[in-house]
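Listing of work-v3.pdb, PDB, C-alpha atoms, pLDDT in the B column
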```pdb
ATOM      1  CA  MET I   1       0.000   0.000   0.000  1.00 51.00           C
ATOM      2  CA  THR I   2       1.128   3.544  -0.689  1.00 60.00           C
ATOM      3  CA  ALA I   3       1.749   5.484   2.496  1.00 78.00           C
ATOM      4  CA  ALA I   4      -1.314   7.277   3.733  1.00 92.00           C
ATOM      5  CA  THR I   5      -1.211  11.011   4.070  1.00 95.00           C
ATOM      6  CA  VAL I   6      -1.262  12.554   7.513  1.00 96.00           C
ATOM      7  CA  ALA I   7      -4.681  14.043   6.654  1.00 97.00           C
ATOM      8  CA  GLN I   8      -6.036  10.564   5.851  1.00 97.00           C
ATOM      9  CA  VAL I   9      -4.737   9.245   9.163  1.00 98.00           C
ATOM     10  CA  TRP I  10      -6.423  12.104  11.042  1.00 98.00           C
ATOM     11  CA  ASP I  11      -9.685  11.207   9.264  1.00 97.00           C
ATOM     12  CA  TRP I  12      -9.308   7.546  10.227  1.00 98.00           C
ATOM     13  CA  LEU I  13      -8.586   8.457  13.849  1.00 98.00           C
ATOM     14  CA  ALA I  14     -11.608  10.771  13.871  1.00 98.00           C
ATOM     15  CA  ALA I  15     -13.708   7.617  13.432  1.00 98.00           C
ATOM     16  CA  VAL I  16     -12.282   5.991  16.586  1.00 98.00           C
ATOM     17  CA  PRO I  17     -14.776   6.546  19.426  1.00 98.00           C
ATOM     18  CA  ASP I  18     -13.775   7.283  22.984  1.00 96.00           C
ATOM     19  CA  PRO I  19     -14.455   4.051  24.937  1.00 93.00           C
ATOM     20  CA  GLU I  20     -16.170   5.900  27.789  1.00 90.00           C
ATOM     21  CA  ILE I  21     -18.172   8.332  25.623  1.00 91.00           C
ATOM     22  CA  PRO I  22     -18.757   6.600  22.281  1.00 94.00           C
ATOM     23  CA  ALA I  23     -20.605   9.607  20.842  1.00 94.00           C
ATOM     24  CA  ILE I  24     -17.311  11.511  20.560  1.00 96.00           C
ATOM     25  CA  SER I  25     -14.109  10.524  18.809  1.00 98.00           C
ATOM     26  CA  ILE I  26     -10.664  10.541  20.343  1.00 98.00           C
ATOM     27  CA  VAL I  27      -9.807  13.349  17.915  1.00 98.00           C
ATOM     28  CA  ASP I  28     -12.791  15.517  18.937  1.00 97.00           C
ATOM     29  CA  LEU I  29     -11.943  14.844  22.574  1.00 96.00           C
ATOM     30  CA  GLY I  30      -8.440  16.177  21.924  1.00 96.00           C
ATOM     31  CA  ILE I  31      -6.626  13.006  22.969  1.00 96.00           C
ATOM     32  CA  VAL I  32      -4.702  12.733  19.678  1.00 98.00           C
ATOM     33  CA  ARG I  33      -1.993  15.371  19.741  1.00 97.00           C
ATOM     34  CA  ARG I  34       0.110  14.659  16.700  1.00 97.00           C
ATOM     35  CA  VAL I  35       0.368  12.380  13.683  1.00 98.00           C
ATOM     36  CA  ALA I  36       3.584  12.205  11.675  1.00 97.00           C
ATOM     37  CA  TRP I  37       5.590   9.858   9.528  1.00 96.00           C
ATOM     38  CA  SER I  38       9.093   8.930  10.649  1.00 94.00           C
ATOM     39  CA  GLY I  39      10.472   7.044   7.686  1.00 93.00           C
ATOM     40  CA  ASP I  40       8.071   4.153   7.096  1.00 92.00           C
ATOM     41  CA  GLU I  41       6.726   4.246  10.662  1.00 95.00           C
ATOM     42  CA  LEU I  42       3.622   6.208  11.596  1.00 96.00           C
ATOM     43  CA  ARG I  43       3.911   7.956  14.952  1.00 97.00           C
ATOM     44  CA  VAL I  44       0.818   9.006  16.831  1.00 98.00           C
ATOM     45  CA  ALA I  45       1.104  11.079  20.000  1.00 98.00           C
ATOM     46  CA  ILE I  46      -1.765  10.861  22.477  1.00 97.00           C
ATOM     47  CA  THR I  47      -2.485  12.445  25.817  1.00 95.00           C
ATOM     48  CA  PRO I  48      -5.023  10.778  28.102  1.00 92.00           C
ATOM     49  CA  THR I  49      -7.594  12.967  29.805  1.00 88.00           C
ATOM     50  CA  TYR I  50      -5.731  12.309  33.033  1.00 83.00           C
ATOM     51  CA  SER I  51      -2.623  10.265  33.804  1.00 78.00           C
ATOM     52  CA  GLY I  52      -4.497   7.413  35.486  1.00 80.00           C
ATOM     53  CA  CYS I  53      -7.311   7.183  32.929  1.00 82.00           C
ATOM     54  CA  PRO I  54      -8.374   3.520  32.744  1.00 84.00           C
ATOM     55  CA  ALA I  55      -9.499   3.955  29.130  1.00 88.00           C
ATOM     56  CA  THR I  56      -5.947   4.673  27.898  1.00 91.00           C
ATOM     57  CA  THR I  57      -5.210   0.993  27.271  1.00 93.00           C
ATOM     58  CA  MET I  58      -8.375   0.618  25.220  1.00 95.00           C
ATOM     59  CA  ILE I  59      -7.678   3.832  23.321  1.00 96.00           C
ATOM     60  CA  ARG I  60      -4.191   2.615  22.427  1.00 96.00           C
ATOM     61  CA  ARG I  61      -5.588  -0.731  21.270  1.00 97.00           C
ATOM     62  CA  ASP I  62      -8.345   0.924  19.225  1.00 98.00           C
ATOM     63  CA  ILE I  63      -5.892   3.290  17.500  1.00 98.00           C
ATOM     64  CA  VAL I  64      -3.545   0.476  16.498  1.00 97.00           C
ATOM     65  CA  SER I  65      -6.469  -1.691  15.371  1.00 97.00           C
ATOM     66  CA  ALA I  66      -7.968   1.112  13.265  1.00 97.00           C
ATOM     67  CA  LEU I  67      -4.653   1.921  11.597  1.00 97.00           C
ATOM     68  CA  HIS I  68      -3.833  -1.740  10.975  1.00 96.00           C
ATOM     69  CA  GLY I  69      -7.308  -2.018   9.444  1.00 96.00           C
ATOM     70  CA  HIS I  70      -6.289   0.641   6.942  1.00 96.00           C
ATOM     71  CA  GLY I  71      -3.159  -1.281   6.024  1.00 95.00           C
ATOM     72  CA  LEU I  72      -0.655   0.542   8.225  1.00 96.00           C
ATOM     73  CA  ASP I  73       1.551  -2.063   9.874  1.00 92.00           C
ATOM     74  CA  ARG I  74       4.242   0.089  11.445  1.00 95.00           C
ATOM     75  CA  VAL I  75       2.557   2.235  14.053  1.00 96.00           C
ATOM     76  CA  ARG I  76       4.187   3.714  17.135  1.00 97.00           C
ATOM     77  CA  LEU I  77       2.141   5.321  19.882  1.00 96.00           C
ATOM     78  CA  ASP I  78       3.716   7.917  22.109  1.00 95.00           C
ATOM     79  CA  VAL I  79       1.880   8.793  25.320  1.00 93.00           C
ATOM     80  CA  GLU I  80       2.638  12.375  26.295  1.00 93.00           C
ATOM     81  CA  LEU I  81       1.627  13.534  29.758  1.00 91.00           C
ATOM     82  CA  SER I  82       3.149  16.986  29.488  1.00 92.00           C
ATOM     83  CA  PRO I  83       1.594  19.348  28.906  1.00 92.00           C
ATOM     84  CA  PRO I  84      -1.411  17.626  30.451  1.00 91.00           C
ATOM     85  CA  TRP I  85      -4.671  17.223  28.572  1.00 91.00           C
ATOM     86  CA  SER I  86      -7.114  20.044  29.099  1.00 89.00           C
ATOM     87  CA  THR I  87     -10.794  20.430  28.321  1.00 89.00           C
ATOM     88  CA  SER I  88      -9.754  23.270  26.005  1.00 90.00           C
ATOM     89  CA  ALA I  89      -8.519  20.508  23.653  1.00 93.00           C
ATOM     90  CA  ILE I  90     -12.110  19.408  22.937  1.00 94.00           C
ATOM     91  CA  THR I  91     -13.140  20.608  19.481  1.00 95.00           C
ATOM     92  CA  ALA I  92     -16.261  22.683  18.781  1.00 94.00           C
ATOM     93  CA  SER I  93     -17.715  19.601  17.077  1.00 96.00           C
ATOM     94  CA  GLY I  94     -16.856  17.637  20.207  1.00 95.00           C
ATOM     95  CA  HIS I  95     -18.814  20.123  22.326  1.00 93.00           C
ATOM     96  CA  ASP I  96     -21.843  19.638  20.069  1.00 94.00           C
ATOM     97  CA  LYS I  97     -21.530  15.841  20.221  1.00 95.00           C
ATOM     98  CA  LEU I  98     -21.240  15.859  24.024  1.00 93.00           C
ATOM     99  CA  ARG I  99     -24.329  18.035  24.349  1.00 91.00           C
ATOM    100  CA  ALA I 100     -26.296  15.802  21.938  1.00 93.00           C
ATOM    101  CA  TYR I 101     -25.230  12.781  24.003  1.00 94.00           C
ATOM    102  CA  GLY I 102     -26.553  14.398  27.202  1.00 92.00           C
ATOM    103  CA  ILE I 103     -23.277  15.636  28.684  1.00 91.00           C
ATOM    104  CA  ALA I 104     -22.814  19.337  29.334  1.00 89.00           C
ATOM    105  CA  PRO I 105     -19.540  20.333  27.679  1.00 88.00           C
ATOM    106  CA  PRO I 106     -16.984  22.253  29.713  1.00 83.00           C
ATOM    107  CA  ASN I 107     -17.067  26.009  29.513  1.00 80.00           C
ATOM    108  CA  PRO I 108     -15.556  28.051  32.338  1.00 76.00           C
ATOM    109  CA  ASP I 109     -16.974  31.294  30.908  1.00 76.00           C
ATOM    110  CA  ILE I 110     -20.690  30.510  31.066  1.00 78.00           C
ATOM    111  CA  ALA I 111     -23.117  28.951  33.523  1.00 84.00           C
ATOM    112  CA  ILE I 112     -23.738  25.231  33.189  1.00 90.00           C
ATOM    113  CA  ALA I 113     -26.853  24.502  31.158  1.00 91.00           C
ATOM    114  CA  CYS I 114     -28.881  21.321  30.984  1.00 94.00           C
ATOM    115  CA  PRO I 115     -27.977  19.535  27.729  1.00 92.00           C
ATOM    116  CA  ARG I 116     -31.607  18.367  27.380  1.00 92.00           C
ATOM    117  CA  CYS I 117     -33.682  21.523  27.927  1.00 94.00           C
ATOM    118  CA  ASP I 118     -30.951  24.230  27.975  1.00 92.00           C
ATOM    119  CA  SER I 119     -32.081  25.533  31.374  1.00 95.00           C
ATOM    120  CA  SER I 120     -29.438  27.023  33.645  1.00 93.00           C
ATOM    121  CA  ALA I 121     -31.505  26.023  36.699  1.00 96.00           C
ATOM    122  CA  VAL I 122     -29.175  23.188  37.674  1.00 96.00           C
ATOM    123  CA  GLU I 123     -27.593  21.851  40.842  1.00 95.00           C
ATOM    124  CA  CYS I 124     -24.533  19.735  41.494  1.00 94.00           C
ATOM    125  CA  THR I 125     -25.483  16.458  43.146  1.00 95.00           C
ATOM    126  CA  SER I 126     -21.993  14.926  43.163  1.00 94.00           C
ATOM    127  CA  ARG I 127     -18.548  16.218  42.298  1.00 91.00           C
ATOM    128  CA  PHE I 128     -17.939  12.833  40.667  1.00 85.00           C
ATOM    129  CA  GLY I 129     -20.013  11.596  37.752  1.00 82.00           C
ATOM    130  CA  SER I 130     -19.823   8.474  35.635  1.00 80.00           C
ATOM    131  CA  THR I 131     -16.064   8.992  35.246  1.00 79.00           C
ATOM    132  CA  PRO I 132     -13.587  10.987  37.371  1.00 78.00           C
ATOM    133  CA  CYS I 133     -13.389  13.759  34.756  1.00 80.00           C
ATOM    134  CA  LYS I 134     -17.111  14.534  35.082  1.00 86.00           C
ATOM    135  CA  ALA I 135     -19.454  15.766  37.822  1.00 91.00           C
ATOM    136  CA  LEU I 136     -23.107  14.790  38.255  1.00 94.00           C
ATOM    137  CA  TYR I 137     -25.745  17.514  38.011  1.00 95.00           C
ATOM    138  CA  ARG I 138     -29.524  17.618  37.996  1.00 96.00           C
ATOM    139  CA  CYS I 139     -31.695  20.055  36.130  1.00 96.00           C
ATOM    140  CA  THR I 140     -34.350  21.550  38.402  1.00 96.00           C
ATOM    141  CA  ALA I 141     -36.460  22.533  35.376  1.00 97.00           C
ATOM    142  CA  CYS I 142     -36.800  19.171  33.571  1.00 96.00           C
ATOM    143  CA  ARG I 143     -35.601  17.132  36.594  1.00 96.00           C
ATOM    144  CA  GLU I 144     -33.144  15.081  34.512  1.00 95.00           C
ATOM    145  CA  PRO I 145     -29.683  14.136  35.815  1.00 95.00           C
ATOM    146  CA  PHE I 146     -26.685  14.729  33.562  1.00 94.00           C
ATOM    147  CA  ASP I 147     -22.907  14.669  33.586  1.00 92.00           C
ATOM    148  CA  VAL I 148     -20.816  17.825  33.236  1.00 91.00           C
ATOM    149  CA  PHE I 149     -17.261  17.690  31.963  1.00 84.00           C
ATOM    150  CA  LYS I 150     -15.065  19.288  34.611  1.00 83.00           C
ATOM    151  CA  CYS I 151     -12.957  22.151  33.318  1.00 77.00           C
ATOM    152  CA  HIS I 152      -9.228  21.620  33.647  1.00 65.00           C
TER     153      HIS I 152
END
```
Take the structure I supplied and represent it as structure tokens, if you would.
Amino acid sequence: MTAATVAQVWDWLAAVPDPEIPAISIVDLGIVRRVAWSGDELRVAITPTYSGCPATTMIRRDIVSALHGHGLDRVRLDVELSPPWSTSAITASGHDKLRAYGIAPPNPDIAIACPRCDSSAVECTSRFGSTPCKALYRCTACREPFDVFKCH
């Protein structure tokens, strides 16, 4: 196979879902930092959402599997913890996908709004949601619980 372009690889990685939030890709979540060729080896740099993220092993496996599925045999993954991942790495498309999935995307500049009814009448019920990087809220307007991505 002819070597894939970096743009093609980014497209392929954009189809790899996050194992904890399958509605968003690892690219939209900002986990993939860099894609580059080094000779005939493809190097992909990733940064987990936090250093102890249990999904990192699955993400690594899914990246290699996806790239092997596209005929790329020589793939090297580099895990970079510095600078740490930040919610500012989530793309605008990622914000939309989180909201559509029922998770309020992080935004330190505005009040948290319910992803279902858009009401800002919400209350925090637990600082820890379904994963350590989220908090659990409840909308007092529609009464639905929802996760909020913590800003960091």
| request: Using the chain letters and numbering of this document, enumerate as a PyMOL selection string the residues selected by the PyMOL selection byres ((chain I and resi 137) around 8). | output: chain I and resi 122-126+135-136+138-139+145-148
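Shortest atom-to-atom contact with I:Ala4 among I:His95, I:Arg60, I:Arg33, I:His70: I:His70, counting only C-alpha atoms.
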| request: Step by step, work through what the PyMOL selection byres ((chain I and resi 80) around 12) selects in the shown file, and finish by giving those residues as a list in words. | output: Ile31, Val32, Arg33, Arg34, Val44, Ala45, Ile46, Thr47, Pro48, Thr49, Tyr50, Ser51, Thr56, Leu77, Asp78, Val79, Leu81, Ser82, Pro83, Pro84 and Trp85 of chain I
| said: Just want the 12 Å neighbourhood of I:Leu72, counted on only C-alpha atoms, with same-chain residues fewer than 6 positions away dropped. Output as a PyMOL selection string. | reply: chain I and resi 1-5+8-9+12+37+40-43+63-66
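The spacing separating atom CA of I:Gly102 from atom CA of I:Asp62 amounts to 24.0 Å.
You can rank I:Ile59, I:Val16, I:Ile21, I:Cys53 by their closest distance to I:Phe149 using only C-alpha atoms, and at the top of that list sits I:Ile21.
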Edge lengths and centre in Å to one decimal, as lines of an AutoDock Vina configuration file, is what I'm after for the box along x, y and z that holds all listed atoms of stretch 60-78 of chain I once 3 Å is added on each side.
```
center_x = -2.1
center_y = 2.9
center_z = 14.2
size_x = 18.6
size_y = 16.0
size_z = 22.4
```
What would stretch 136-147 of chain I look like with all heavy atoms in place, written as a PDB file, in the frame of the given file?
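And here's rebuild29.pdb as it stands now:
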```pdb
ATOM      1  N   LEU I 136     -21.695  15.110  38.477  1.00 94.00           N
ATOM      2  CA  LEU I 136     -23.107  14.790  38.255  1.00 94.00           C
ATOM      3  C   LEU I 136     -23.970  15.977  38.688  1.00 94.00           C
ATOM      4  O   LEU I 136     -23.841  16.482  39.799  1.00 94.00           O
ATOM      5  CB  LEU I 136     -23.501  13.534  39.034  1.00 94.00           C
ATOM      6  CG  LEU I 136     -24.917  13.018  38.810  1.00 94.00           C
ATOM      7  CD1 LEU I 136     -25.147  12.663  37.348  1.00 94.00           C
ATOM      8  CD2 LEU I 136     -25.166  11.802  39.688  1.00 94.00           C
ATOM      9  N   TYR I 137     -24.825  16.409  37.765  1.00 95.00           N
ATOM     10  CA  TYR I 137     -25.745  17.514  38.011  1.00 95.00           C
ATOM     11  C   TYR I 137     -27.174  17.045  37.788  1.00 95.00           C
ATOM     12  O   TYR I 137     -27.402  15.994  37.189  1.00 95.00           O
ATOM     13  CB  TYR I 137     -25.459  18.685  37.058  1.00 95.00           C
ATOM     14  CG  TYR I 137     -24.366  19.610  37.534  1.00 95.00           C
ATOM     15  CD1 TYR I 137     -23.055  19.170  37.648  1.00 95.00           C
ATOM     16  CD2 TYR I 137     -24.641  20.926  37.870  1.00 95.00           C
ATOM     17  CE1 TYR I 137     -22.052  20.021  38.080  1.00 95.00           C
ATOM     18  CE2 TYR I 137     -23.649  21.784  38.299  1.00 95.00           C
ATOM     19  CZ  TYR I 137     -22.355  21.330  38.401  1.00 95.00           C
ATOM     20  OH  TYR I 137     -21.376  22.163  38.830  1.00 95.00           O
ATOM     21  N   ARG I 138     -28.113  17.863  38.253  1.00 96.00           N
ATOM     22  CA  ARG I 138     -29.524  17.618  37.996  1.00 96.00           C
ATOM     23  C   ARG I 138     -30.151  18.935  37.600  1.00 96.00           C
ATOM     24  O   ARG I 138     -29.881  19.976  38.201  1.00 96.00           O
ATOM     25  CB  ARG I 138     -30.204  17.060  39.254  1.00 96.00           C
ATOM     26  CG  ARG I 138     -31.667  16.695  39.038  1.00 96.00           C
ATOM     27  CD  ARG I 138     -32.272  16.056  40.276  1.00 96.00           C
ATOM     28  NE  ARG I 138     -32.341  16.978  41.395  1.00 96.00           N
ATOM     29  CZ  ARG I 138     -33.347  17.816  41.622  1.00 96.00           C
ATOM     30  NH1 ARG I 138     -34.372  17.845  40.833  1.00 96.00           N
ATOM     31  NH2 ARG I 138     -33.320  18.610  42.671  1.00 96.00           N
ATOM     32  N   CYS I 139     -30.967  18.873  36.581  1.00 96.00           N
ATOM     33  CA  CYS I 139     -31.695  20.055  36.130  1.00 96.00           C
ATOM     34  C   CYS I 139     -32.948  20.191  36.986  1.00 96.00           C
ATOM     35  O   CYS I 139     -33.720  19.236  37.112  1.00 96.00           O
ATOM     36  CB  CYS I 139     -32.067  19.908  34.652  1.00 96.00           C
ATOM     37  SG  CYS I 139     -33.040  21.296  34.018  1.00 96.00           S
ATOM     38  N   THR I 140     -33.157  21.368  37.580  1.00 96.00           N
ATOM     39  CA  THR I 140     -34.350  21.550  38.402  1.00 96.00           C
ATOM     40  C   THR I 140     -35.557  21.928  37.546  1.00 96.00           C
ATOM     41  O   THR I 140     -36.682  21.911  38.033  1.00 96.00           O
ATOM     42  CB  THR I 140     -34.110  22.604  39.507  1.00 96.00           C
ATOM     43  OG1 THR I 140     -33.733  23.840  38.899  1.00 96.00           O
ATOM     44  CG2 THR I 140     -33.026  22.141  40.467  1.00 96.00           C
ATOM     45  N   ALA I 141     -35.344  22.223  36.279  1.00 97.00           N
ATOM     46  CA  ALA I 141     -36.460  22.533  35.376  1.00 97.00           C
ATOM     47  C   ALA I 141     -37.077  21.244  34.807  1.00 97.00           C
ATOM     48  O   ALA I 141     -38.265  20.988  34.977  1.00 97.00           O
ATOM     49  CB  ALA I 141     -35.994  23.439  34.245  1.00 97.00           C
ATOM     50  N   CYS I 142     -36.260  20.410  34.160  1.00 96.00           N
ATOM     51  CA  CYS I 142     -36.800  19.171  33.571  1.00 96.00           C
ATOM     52  C   CYS I 142     -36.584  17.957  34.469  1.00 96.00           C
ATOM     53  O   CYS I 142     -37.041  16.865  34.147  1.00 96.00           O
ATOM     54  CB  CYS I 142     -36.218  18.938  32.173  1.00 96.00           C
ATOM     55  SG  CYS I 142     -34.478  18.426  32.145  1.00 96.00           S
ATOM     56  N   ARG I 143     -35.843  18.150  35.571  1.00 96.00           N
ATOM     57  CA  ARG I 143     -35.601  17.132  36.594  1.00 96.00           C
ATOM     58  C   ARG I 143     -34.676  15.993  36.157  1.00 96.00           C
ATOM     59  O   ARG I 143     -34.560  14.997  36.847  1.00 96.00           O
ATOM     60  CB  ARG I 143     -36.931  16.548  37.123  1.00 96.00           C
ATOM     61  CG  ARG I 143     -38.022  17.529  37.415  1.00 96.00           C
ATOM     62  CD  ARG I 143     -37.994  18.217  38.705  1.00 96.00           C
ATOM     63  NE  ARG I 143     -37.962  17.339  39.858  1.00 96.00           N
ATOM     64  CZ  ARG I 143     -37.528  17.750  41.030  1.00 96.00           C
ATOM     65  NH1 ARG I 143     -37.106  18.963  41.168  1.00 96.00           N
ATOM     66  NH2 ARG I 143     -37.507  16.947  42.044  1.00 96.00           N
ATOM     67  N   GLU I 144     -34.022  16.137  35.025  1.00 95.00           N
ATOM     68  CA  GLU I 144     -33.144  15.081  34.512  1.00 95.00           C
ATOM     69  C   GLU I 144     -31.722  15.218  35.068  1.00 95.00           C
ATOM     70  O   GLU I 144     -31.195  16.329  35.149  1.00 95.00           O
ATOM     71  CB  GLU I 144     -33.083  15.119  32.984  1.00 95.00           C
ATOM     72  CG  GLU I 144     -34.359  14.671  32.317  1.00 95.00           C
ATOM     73  CD  GLU I 144     -34.627  13.194  32.500  1.00 95.00           C
ATOM     74  OE1 GLU I 144     -33.673  12.386  32.462  1.00 95.00           O
ATOM     75  OE2 GLU I 144     -35.800  12.828  32.686  1.00 95.00           O
ATOM     76  N   PRO I 145     -31.102  14.099  35.423  1.00 95.00           N
ATOM     77  CA  PRO I 145     -29.683  14.136  35.815  1.00 95.00           C
ATOM     78  C   PRO I 145     -28.817  14.162  34.552  1.00 95.00           C
ATOM     79  O   PRO I 145     -29.239  13.697  33.489  1.00 95.00           O
ATOM     80  CB  PRO I 145     -29.499  12.821  36.577  1.00 95.00           C
ATOM     81  CG  PRO I 145     -30.492  11.898  35.953  1.00 95.00           C
ATOM     82  CD  PRO I 145     -31.670  12.760  35.560  1.00 95.00           C
ATOM     83  N   PHE I 146     -27.614  14.713  34.683  1.00 94.00           N
ATOM     84  CA  PHE I 146     -26.685  14.729  33.562  1.00 94.00           C
ATOM     85  C   PHE I 146     -25.266  14.930  34.073  1.00 94.00           C
ATOM     86  O   PHE I 146     -25.046  15.456  35.154  1.00 94.00           O
ATOM     87  CB  PHE I 146     -27.053  15.798  32.521  1.00 94.00           C
ATOM     88  CG  PHE I 146     -27.022  17.221  33.033  1.00 94.00           C
ATOM     89  CD1 PHE I 146     -25.886  18.004  32.866  1.00 94.00           C
ATOM     90  CD2 PHE I 146     -28.118  17.753  33.685  1.00 94.00           C
ATOM     91  CE1 PHE I 146     -25.869  19.316  33.333  1.00 94.00           C
ATOM     92  CE2 PHE I 146     -28.092  19.052  34.169  1.00 94.00           C
ATOM     93  CZ  PHE I 146     -26.967  19.843  33.986  1.00 94.00           C
ATOM     94  N   ASP I 147     -24.317  14.466  33.275  1.00 92.00           N
ATOM     95  CA  ASP I 147     -22.907  14.669  33.586  1.00 92.00           C
ATOM     96  C   ASP I 147     -22.451  16.018  33.028  1.00 92.00           C
ATOM     97  O   ASP I 147     -22.972  16.497  32.026  1.00 92.00           O
ATOM     98  CB  ASP I 147     -22.038  13.596  32.927  1.00 92.00           C
ATOM     99  CG  ASP I 147     -21.967  12.309  33.734  1.00 92.00           C
ATOM    100  OD1 ASP I 147     -22.171  12.341  34.954  1.00 92.00           O
ATOM    101  OD2 ASP I 147     -21.685  11.266  33.128  1.00 92.00           O
TER     102      ASP I 147
END
```
